[in-house]
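One structure is given below, encoded as structure tokens.
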Amino acid sequence: MDVKLSDIKVLFTEEQIQNRIKEIAHEMNEFYTGEEVCAICVLKGAVMFAVDLVKELDMPLQMEFIRLSSYGSSTTTSGKVNAVDIKLPDLNGKNVLIIEDIVDTGLTAKFLLDFIGCNFKTKSTKFASLLDKKIFRQTDIEPDFMGFHVDDKFLIGYGLDYDGYYRNLKFIGYADKSLLE
Ligand code: 5GP
């Protein structure tokens with residue numbers, strides 16, 4: 001483990017994250033008034049965000065989990081999205097809300113939106129991401145609901161891992177690039 005907990009600098013505190021999630025949930029509650037929603041949490045990274053977000057939503061909600069991966073143990077994307085587990089129920093006629101941790105290149109989001117678009121005729125498909133890192137974007141994907149813009153940092157914590165570790169942190173932080181190489 002090259003990155004120690006003490007190497008991780010805080011970018012967003014627990015309080016900032018939780019406050020922003022409440023604001024996003026408020027937007028969603030207004031947007032979906034009177035509608036049912038099927039939320040799809042993209043594991044593993046989005047698990048913390050999805051769990052905290054859905055607790056603030058007040059519409060009838062189903063929750064599904066899928067697992068995609070593009071990073072492996074590296075800190076840069078492989079450019080290829082791997083559908084580790086993408087079993088979904090019938091989404092025809094449903095309001096689908098995809099919940100991601102971070103949009104970076106946008107390849108994962110595009111893969112998933114294309115997959116849903118090809119397999120189902122949904123009532124609506126929206127995409128929520130806690131973090132939006134635009135600098136390496138390779139697609140025209142923009143989240144419909146978004147928490148924070150971030151710049152060129154490899155982020156760790158609150159679901160985001162470093163080599164499988166630190167997903168359990170309550171804050172989102174980063175380590176100096178020299179430690180990640
Ligand atoms: P994309 O396909 O948009 O390039 O990347 C999406 C996935 O890459 C995210 O769901 C996340 O798992 C991973 N990812 C992108 N940026 C970061 C980062 O700064 N830190 C961590 N830990 N994972 C990231």
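By convention in this document, the chains of the structure tokens carry letters A, B, ... by their order, each chain's residues are numbered from 1, and ligands are numbered from 1 in the order they are shown.
Close contacts of stretch 30-35 of chain A, defined as residues with an atom at most 8 Å away when counting only C-alpha atoms, with chain neighbours fewer than 3 positions off set aside, comprise His26, Glu27, Met59, Pro60 and Asn95 of chain A.
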The selected residues should be written to file as a PDB file, in the first residue's frame (atoms: N, CA and C atoms).
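part-v4.pdb, freshly written:
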ATOM      1  N   HIS A  26     -33.225  17.007  -3.261  1.00  0.00           N
ATOM      2  CA  HIS A  26     -34.325  17.975  -3.355  1.00  0.00           C
ATOM      3  C   HIS A  26     -34.683  18.221  -4.830  1.00  0.00           C
ATOM      4  N   GLU A  27     -33.651  18.410  -5.657  1.00  0.00           N
ATOM      5  CA  GLU A  27     -33.865  18.586  -7.107  1.00  0.00           C
ATOM      6  C   GLU A  27     -34.605  17.376  -7.687  1.00  0.00           C
ATOM      7  N   MET A  59     -39.986   9.458  -3.456  1.00  0.00           N
ATOM      8  CA  MET A  59     -40.907   8.792  -4.388  1.00  0.00           C
ATOM      9  C   MET A  59     -40.822   7.261  -4.213  1.00  0.00           C
ATOM     10  N   PRO A  60     -41.822   6.510  -4.711  1.00  0.00           N
ATOM     11  CA  PRO A  60     -41.683   5.049  -4.697  1.00  0.00           C
ATOM     12  C   PRO A  60     -40.468   4.654  -5.543  1.00  0.00           C
ATOM     13  N   ASN A  95     -39.022   5.067 -15.156  1.00  0.00           N
ATOM     14  CA  ASN A  95     -38.101   6.200 -15.013  1.00  0.00           C
ATOM     15  C   ASN A  95     -36.816   5.650 -14.429  1.00  0.00           C
TER      16      ASN A  95
END
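Every protein, DNA or RNA residue with an atom at most 8 Å from A:Gly45, where only C-alpha atoms count and chain neighbours fewer than 5 positions away do not, is listed here: Glu100, Asp101, Gly159, Leu160, Asp161 and Arg167 of chain A.
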| said: I'd like the neighbourhood of A:Gly79 as a list in words, where a residue qualifies if any of its atoms comes within 12 Å (using only C-alpha atoms), though same-chain residues fewer than 5 positions away should be ignored. | reply: Ser69, Ser70, Tyr71, Gly72, Ser74, Asp104, Thr105, Gly106, Leu107, Thr108, Lys110, Phe111, Phe136, Arg137, Gln138 and Thr139 of chain A
Go ahead and write the selection's residues with N, CA and C atoms as a short mmCIF file (atom, residue, chain, number, x, y, z; two decimals), in the first residue's frame.
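Saved the output as selection.cif:
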data_model
loop_
_atom_site.label_atom_id
_atom_site.label_comp_id
_atom_site.auth_asym_id
_atom_site.auth_seq_id
_atom_site.Cartn_x
_atom_site.Cartn_y
_atom_site.Cartn_z
N SER A 69 -16.48 -2.09 -14.67
CA SER A 69 -15.14 -1.67 -14.26
C SER A 69 -14.35 -1.21 -15.48
N SER A 70 -13.53 -0.19 -15.28
CA SER A 70 -12.68 0.29 -16.38
C SER A 70 -11.26 0.58 -15.91
N TYR A 71 -11.04 0.59 -14.58
CA TYR A 71 -9.73 1.00 -14.05
C TYR A 71 -8.83 -0.17 -13.67
N GLY A 72 -9.39 -1.33 -13.30
CA GLY A 72 -8.56 -2.39 -12.75
C GLY A 72 -7.87 -1.88 -11.50
N SER A 74 -5.30 0.19 -11.70
CA SER A 74 -4.55 1.38 -12.11
C SER A 74 -5.26 2.65 -11.65
N ASP A 104 -15.61 10.60 -15.65
CA ASP A 104 -14.26 11.04 -16.02
C ASP A 104 -14.21 11.12 -17.56
N THR A 105 -13.78 10.07 -18.23
CA THR A 105 -13.84 10.08 -19.70
C THR A 105 -15.29 10.09 -20.18
N GLY A 106 -16.18 9.52 -19.38
CA GLY A 106 -17.57 9.38 -19.78
C GLY A 106 -17.85 8.06 -20.50
N LEU A 107 -16.81 7.22 -20.65
CA LEU A 107 -16.98 5.95 -21.39
C LEU A 107 -17.91 5.00 -20.64
N THR A 108 -17.79 4.98 -19.31
CA THR A 108 -18.66 4.09 -18.52
C THR A 108 -20.12 4.53 -18.66
N LYS A 110 -21.46 6.29 -21.04
CA LYS A 110 -21.94 6.09 -22.41
C LYS A 110 -22.28 4.61 -22.64
N PHE A 111 -21.41 3.74 -22.14
CA PHE A 111 -21.65 2.30 -22.27
C PHE A 111 -23.01 1.94 -21.67
N PHE A 136 -10.64 15.01 -18.86
CA PHE A 136 -10.29 13.90 -19.76
C PHE A 136 -11.50 13.35 -20.52
N ARG A 137 -12.57 14.12 -20.60
CA ARG A 137 -13.82 13.64 -21.20
C ARG A 137 -13.60 13.23 -22.67
N GLN A 138 -14.06 12.04 -23.03
CA GLN A 138 -13.92 11.56 -24.41
C GLN A 138 -15.27 11.39 -25.07
N THR A 139 -16.34 11.78 -24.39
CA THR A 139 -17.69 11.62 -24.91
C THR A 139 -18.43 12.94 -24.67
#
| remark: If you count only C-alpha atoms, the residue of A:Lys80, A:Lys153, A:Lys177, A:Lys94 closest to A:Glu36 turns out to be A:Lys94
| message | So that I can check the secondary structure, give me every residue of stretch 3-128 of chain A assigned strand (DSSP E) by backbone DSSP, as a PyMOL selection string. | response | chain A and resi 9-12+37-43+61-69+82-85+95-103+124-128
